[in-house]
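Below: coords-v3.txt (compact mmCIF, C-alpha atoms and all ligand atoms)
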```
# COMPACT_ATOMS: atom_id res chain seq x y z
CA MET A 97 2.69 20.13 9.41
CA ASN A 98 -0.10 21.69 7.34
CA LEU A 99 -2.40 19.05 5.81
CA ASP A 100 -3.76 21.38 3.12
CA LYS A 101 -0.26 22.22 1.92
CA LEU A 102 0.65 18.55 1.95
CA LYS A 103 -2.46 17.81 -0.15
CA GLU A 104 -1.47 20.41 -2.72
CA ALA A 105 2.11 19.15 -2.83
CA THR A 106 0.90 15.56 -3.28
CA ARG A 107 -1.59 16.51 -5.97
CA ALA A 108 1.23 18.25 -7.86
CA GLN A 109 3.16 14.94 -8.11
CA MET A 110 0.53 13.09 -10.15
CA PRO A 111 -2.03 13.25 -12.95
CA ASP A 112 -5.72 13.78 -12.13
CA LYS A 113 -6.61 10.09 -12.38
CA ARG A 114 -4.01 9.11 -9.78
CA TRP A 115 -5.15 12.00 -7.56
CA ARG A 116 -8.77 10.73 -7.72
CA HIS A 117 -7.48 7.28 -6.73
CA THR A 118 -5.57 8.87 -3.85
CA LEU A 119 -8.72 10.62 -2.60
CA GLY A 120 -10.56 7.28 -2.78
CA VAL A 121 -7.83 5.62 -0.71
CA VAL A 122 -8.00 8.45 1.85
CA GLU A 123 -11.79 8.11 2.19
CA THR A 124 -11.58 4.31 2.51
CA ALA A 125 -8.62 4.35 4.90
CA ILE A 126 -10.46 6.71 7.28
CA LYS A 127 -13.51 4.40 7.24
CA LEU A 128 -11.35 1.33 7.93
CA ALA A 129 -9.57 3.13 10.79
CA GLU A 130 -12.94 4.02 12.32
CA ARG A 131 -14.26 0.48 11.93
CA TYR A 132 -11.15 -1.30 13.19
CA ASP A 133 -10.12 0.97 16.02
CA GLY A 134 -7.23 2.61 14.20
CA ASP A 135 -6.18 6.26 14.21
CA PRO A 136 -8.18 8.04 11.45
CA ALA A 137 -5.80 11.04 11.30
CA GLN A 138 -2.77 8.79 10.88
CA ALA A 139 -4.66 6.70 8.28
CA GLU A 140 -5.58 9.86 6.38
CA LEU A 141 -1.97 11.04 6.29
CA ALA A 142 -0.51 7.70 5.18
CA ALA A 143 -3.24 7.22 2.55
CA LEU A 144 -2.75 10.74 1.21
CA LEU A 145 0.97 10.11 0.74
CA HIS A 146 0.94 6.44 -0.29
CA ASP A 147 1.40 7.05 -4.04
CA TYR A 148 3.49 10.23 -3.69
CA SER A 149 6.16 9.13 -6.16
CA LYS A 150 4.08 6.72 -8.28
CA ALA A 151 4.03 9.02 -11.32
CA TRP A 152 7.68 10.04 -11.12
CA PRO A 153 9.77 9.05 -14.15
CA ILE A 154 11.28 5.61 -13.68
CA ASP A 155 14.83 7.02 -13.93
CA ARG A 156 14.14 9.37 -11.02
CA LYS A 157 12.89 6.47 -8.88
CA GLU A 158 15.91 4.36 -9.80
CA ALA A 159 18.27 7.24 -8.94
CA VAL A 160 16.71 7.61 -5.48
CA ILE A 161 17.06 3.87 -4.80
CA ARG A 162 20.71 3.89 -5.88
CA GLU A 163 21.82 7.20 -4.41
CA HIS A 164 20.08 6.99 -1.06
CA GLY A 165 20.77 3.36 -0.23
CA LEU A 166 17.21 2.06 -0.40
CA SER A 167 16.81 -1.72 -0.55
CA ALA A 168 19.01 -2.81 -3.48
CA GLU A 169 16.81 -5.91 -3.81
CA LEU A 170 14.15 -3.64 -5.30
CA LEU A 171 16.20 -3.07 -8.43
CA ASP A 172 15.96 -6.78 -9.33
CA ASN A 173 12.18 -6.79 -8.93
CA ASP A 174 9.11 -5.34 -10.63
CA LYS A 175 9.38 -1.58 -11.08
CA GLU A 176 5.78 -1.31 -9.84
CA LEU A 177 7.17 -1.90 -6.35
CA TRP A 178 9.67 0.96 -6.41
CA HIS A 179 7.32 3.88 -5.83
CA ALA A 180 6.30 2.63 -2.39
CA HIS A 181 9.86 2.75 -1.01
CA VAL A 182 10.80 5.87 -2.96
CA GLY A 183 7.60 7.56 -1.76
CA ALA A 184 8.44 6.92 1.90
CA TRP A 185 11.90 8.39 1.35
CA ALA A 186 10.46 11.40 -0.52
CA VAL A 187 7.85 12.42 2.06
CA GLN A 188 10.40 12.11 4.85
CA THR A 189 12.98 14.15 2.95
CA GLU A 190 10.73 16.72 1.26
CA HIS A 191 8.06 17.13 3.94
CA GLY A 192 9.69 16.08 7.19
CA ILE A 193 7.31 13.19 7.86
CA GLU A 194 8.94 11.32 10.75
CA ASP A 195 6.13 9.03 11.97
CA GLU A 196 7.74 5.63 11.34
CA GLU A 197 4.36 3.91 11.23
CA VAL A 198 3.23 6.25 8.46
CA LEU A 199 6.52 5.77 6.57
CA ASP A 200 6.26 1.97 6.86
CA ALA A 201 2.63 1.97 5.73
CA ILE A 202 3.70 3.88 2.60
CA ARG A 203 6.78 1.67 2.10
CA TYR A 204 4.86 -1.61 2.25
CA HIS A 205 1.51 -0.60 0.75
CA THR A 206 2.07 -2.46 -2.53
CA SER A 207 3.84 -5.62 -1.36
CA GLY A 208 2.65 -6.01 2.21
CA ARG A 209 5.13 -7.57 4.67
CA GLU A 210 5.29 -10.01 7.55
CA GLY A 211 3.98 -8.55 10.79
CA MET A 212 1.84 -5.89 9.15
CA THR A 213 0.75 -3.19 11.60
CA LYS A 214 -2.85 -2.05 11.77
CA LEU A 215 -1.90 1.03 9.75
CA ASP A 216 -0.11 -1.11 7.12
CA LYS A 217 -3.30 -3.17 6.76
CA ILE A 218 -5.55 -0.11 6.54
CA VAL A 219 -3.54 1.57 3.76
CA CYS A 220 -2.84 -1.59 1.78
CA LEU A 221 -6.48 -2.72 1.92
CA ALA A 222 -7.85 0.76 1.17
CA ASP A 223 -5.63 0.77 -1.92
CA TYR A 224 -7.23 -2.52 -3.06
CA ILE A 225 -10.87 -1.55 -2.43
CA GLU A 226 -11.23 2.24 -2.82
CA PRO A 227 -14.42 3.09 -4.76
CA GLY A 228 -12.57 3.71 -8.06
CA ARG A 229 -11.08 0.20 -8.14
CA ASN A 230 -12.66 -2.14 -10.64
CA TYR A 231 -11.01 -5.53 -11.17
CA PRO A 232 -12.35 -9.10 -11.07
CA GLY A 233 -12.94 -10.07 -7.44
CA VAL A 234 -12.93 -6.58 -5.93
CA GLU A 235 -16.53 -6.93 -4.68
CA ARG A 236 -15.67 -10.03 -2.67
CA ILE A 237 -12.67 -8.29 -1.12
CA ARG A 238 -14.91 -5.31 -0.23
CA GLN A 239 -17.37 -7.71 1.43
CA LEU A 240 -14.62 -9.45 3.42
CA ALA A 241 -13.35 -6.02 4.51
CA GLU A 242 -16.69 -5.44 6.23
CA HIS A 243 -15.76 -7.93 8.95
CA SER A 244 -12.03 -8.71 8.73
CA MET A 245 -9.06 -6.78 7.31
CA GLU A 246 -6.97 -9.96 7.52
CA GLU A 247 -9.39 -12.08 5.47
CA ALA A 248 -9.76 -9.30 2.93
CA LEU A 249 -5.98 -8.92 2.57
CA ILE A 250 -5.45 -12.68 2.24
CA ALA A 251 -7.90 -12.61 -0.68
CA ALA A 252 -6.36 -9.44 -2.12
CA PHE A 253 -2.79 -10.75 -2.03
CA GLY A 254 -4.11 -14.05 -3.43
CA SER A 255 -5.61 -12.24 -6.39
CA THR A 256 -2.39 -10.26 -7.06
CA ILE A 257 -0.31 -13.45 -6.88
CA ALA A 258 -2.77 -15.30 -9.18
CA VAL A 259 -2.62 -12.50 -11.76
CA LEU A 260 1.19 -12.46 -11.67
CA VAL A 261 1.31 -16.26 -12.10
CA GLU A 262 -1.22 -16.05 -14.94
CA ARG A 263 0.97 -13.47 -16.70
CA GLY A 264 4.14 -15.48 -16.13
CA LYS A 265 5.67 -12.69 -14.05
CA ARG A 266 8.03 -12.92 -11.08
CA ILE A 267 6.56 -12.57 -7.61
CA PHE A 268 8.25 -10.36 -5.05
CA PRO A 269 8.41 -12.84 -2.13
CA LEU A 270 7.33 -10.35 0.56
CA THR A 271 3.74 -10.60 -0.66
CA VAL A 272 3.79 -14.38 -0.22
CA LEU A 273 5.30 -13.97 3.27
CA ALA A 274 2.68 -11.35 4.12
CA ARG A 275 -0.16 -13.64 3.04
CA ASN A 276 1.27 -16.64 4.93
CA ASP A 277 1.65 -14.52 8.04
CA LEU A 278 -1.95 -13.27 7.86
CA ILE A 279 -3.20 -16.85 7.49
CA MET A 280 -1.20 -17.80 10.61
CA GLN A 281 -2.64 -14.84 12.52
CA MET A 282 -6.18 -15.88 11.54
CA LYS A 283 -5.54 -19.47 12.72
CA GLN A 284 -4.10 -18.28 16.04
CA ASN A 285 -7.05 -15.94 16.60
CA ASN A 286 -9.51 -18.74 15.83
CA ASN A 287 -7.75 -21.17 18.18
CA GLY A 288 -7.28 -18.62 20.93
CA GLY A 289 -10.95 -17.57 20.82
N1 LIG B 1 4.59 -9.39 -4.93
C1 LIG B 1 4.63 -8.73 -6.09
N2 LIG B 1 5.51 -9.09 -7.02
C2 LIG B 1 5.57 -8.45 -8.21
N3 LIG B 1 4.76 -7.44 -8.54
C3 LIG B 1 3.86 -7.03 -7.64
C4 LIG B 1 3.74 -7.65 -6.36
N4 LIG B 1 2.75 -7.03 -5.68
C5 LIG B 1 2.27 -6.08 -6.50
N5 LIG B 1 2.93 -6.09 -7.67
C6 LIG B 1 2.69 -5.22 -8.82
O1 LIG B 1 2.34 -3.96 -8.36
C7 LIG B 1 1.14 -3.55 -8.97
C8 LIG B 1 0.32 -2.86 -7.92
O2 LIG B 1 0.20 -1.59 -8.30
P1 LIG B 1 -1.05 -0.77 -7.89
O3 LIG B 1 -2.09 -1.61 -7.29
O4 LIG B 1 -1.38 0.07 -9.05
O5 LIG B 1 -0.44 0.03 -6.71
P2 LIG B 1 -0.69 1.49 -6.29
O6 LIG B 1 -1.59 1.62 -5.21
O7 LIG B 1 0.60 1.89 -5.83
O8 LIG B 1 -1.32 2.17 -7.42
C9 LIG B 1 0.46 -4.80 -9.47
O9 LIG B 1 -0.18 -4.56 -10.70
C10 LIG B 1 1.57 -5.78 -9.65
O10 LIG B 1 1.98 -5.80 -10.98
```
Render the structure in this file as structure tokens.
Ligand SMILES: Nc1ncnc2c1ncn2[C@@H]1O[C@H](COP(=O)(O)OP(=O)(O)O)[C@@H](O)[C@H]1O
Amino acid sequence: MNLDKLKEATRAQMPDKRWRHTLGVVETAIKLAERYDGDPAQAELAALLHDYSKAWPIDRKEAVIREHGLSAELLDNDKELWHAHVGAWAVQTEHGIEDEEVLDAIRYHTSGREGMTKLDKIVCLADYIEPGRNYPGVERIRQLAEHSMEEALIAAFGSTIAVLVERGKRIFPLTVLARNDLIMQMKQNNNGG
């Protein structure tokens, strides 16, 4: 696999603004991998590809979900969640990406999930805190990320859930499960020393 070709192919899927965001996520994911003993090359690849299908027309994303048997549950939930699953399918199909950890990190980067792997955490958190992000509370999440990915993600998921509640929108339950699971992990780590 040629990383430069993959970069060009990814860039071609999206407008410049989304590409700048992608580069910010790549930079941040590499830093998090270095800080938290992850694999920087794997983090770079997953971050590069995380929004691969974000800018695709909604009909194209829906067709992939229907025609290729992706989680049907997605169709009943916020369309913002679709690109993560469709993106994992697309990079596997179009570019032969077979690293399941990379595919899962792409698939769950928006919602999170229970039992998040280190790579899931790196990509999801990098997406929340890359330098181009500017939303209320982002500075606190960046600060938490200096010492704990789990604490930072608990705050990040909390802020997403709060915004959705504020707007009267439905919440895809996986994010609640992800946050609960991270809180449990923190408690166990604190008790276990
Ligand atoms: N649990 C959830 N339930 C419903 N919508 C969600 C949930 N988690 C995230 N979202 C939606 O997805 C959006 C996240 O998109 P964004 O942060 O732009 O992701 P990306 O990195 O793919 O650009 C949020 O604005 C929110 O509307």
Practice task
Counting only C-alpha atoms and all ligand atoms, name the residues that have an atom within 8 Å of an atom of ligand LIG 1 (chain B); the answer should be given as number ranges by chain.
Solution key: A: 114, 146-147, 150, 173-177, 179-180, 205-208, 220, 223-224, 253, 256-257, 260, 265-272
Practice task
Skip range 128-140 of chain A itself and residues of its chain fewer than 4 positions away, then list as a PyMOL selection string all residues within 9 Å of it, counting only C-alpha atoms.
Solution key: chain A and resi 121-124+144-145+195+197-198+214-215+218-219+221-222+241-242+244-245
Handout entry: Protein/DNA/RNA residues near (-9.9, 7.1, -5.4), cut 7 Å, only C-alpha atoms, as a list in words
Key = Arg116, His117, Thr118, Leu119, Gly120, Val121, Glu226, Pro227 and Gly228 of chain A
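What separates CA of Asp112 in chain A from CA of Lys127 in chain A is a distance of 22.9 Å.
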Need to verify the contact set: range 275-279 of chain A, 9 Å, only C-alpha atoms, exclusion of same-chain residues closer than 2 positions in sequence. Can you return it as a CSV table (one decimal) with C-alpha atoms, keeping the file's coordinate frame?
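Generated output (around-v3.csv):
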```
chain,number,residue,atom,x,y,z
A,208,GLY,CA,2.6,-6.0,2.2
A,209,ARG,CA,5.1,-7.6,4.7
A,210,GLU,CA,5.3,-10.0,7.6
A,211,GLY,CA,4.0,-8.6,10.8
A,212,MET,CA,1.8,-5.9,9.2
A,246,GLU,CA,-7.0,-10.0,7.5
A,247,GLU,CA,-9.4,-12.1,5.5
A,249,LEU,CA,-6.0,-8.9,2.6
A,250,ILE,CA,-5.4,-12.7,2.2
A,251,ALA,CA,-7.9,-12.6,-0.7
A,253,PHE,CA,-2.8,-10.8,-2.0
A,254,GLY,CA,-4.1,-14.0,-3.4
A,270,LEU,CA,7.3,-10.4,0.6
A,271,THR,CA,3.7,-10.6,-0.7
A,272,VAL,CA,3.8,-14.4,-0.2
A,273,LEU,CA,5.3,-14.0,3.3
A,281,GLN,CA,-2.6,-14.8,12.5
A,282,MET,CA,-6.2,-15.9,11.5
A,283,LYS,CA,-5.5,-19.5,12.7
A,284,GLN,CA,-4.1,-18.3,16.0
```
Exercise for the section: Please identify all polymer residues within 8 Å of Ala151 in chain A, counting only C-alpha atoms, omitting same-chain residues fewer than 6 positions from it, and present them as a ChimeraX atom specification. Expected result: /A:109-111
Handout entry: Pick from A:Val160, A:Lys113, A:Glu194, A:Ile202 nearest to Tyr148 in chain A, counting only C-alpha atoms
Key = A:Ile202
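Taking only C-alpha atoms into account, Asp155 in chain A lies nearest to A:Val182 out of the set A:Asn287, A:Val259, A:Val182, A:Ala105.
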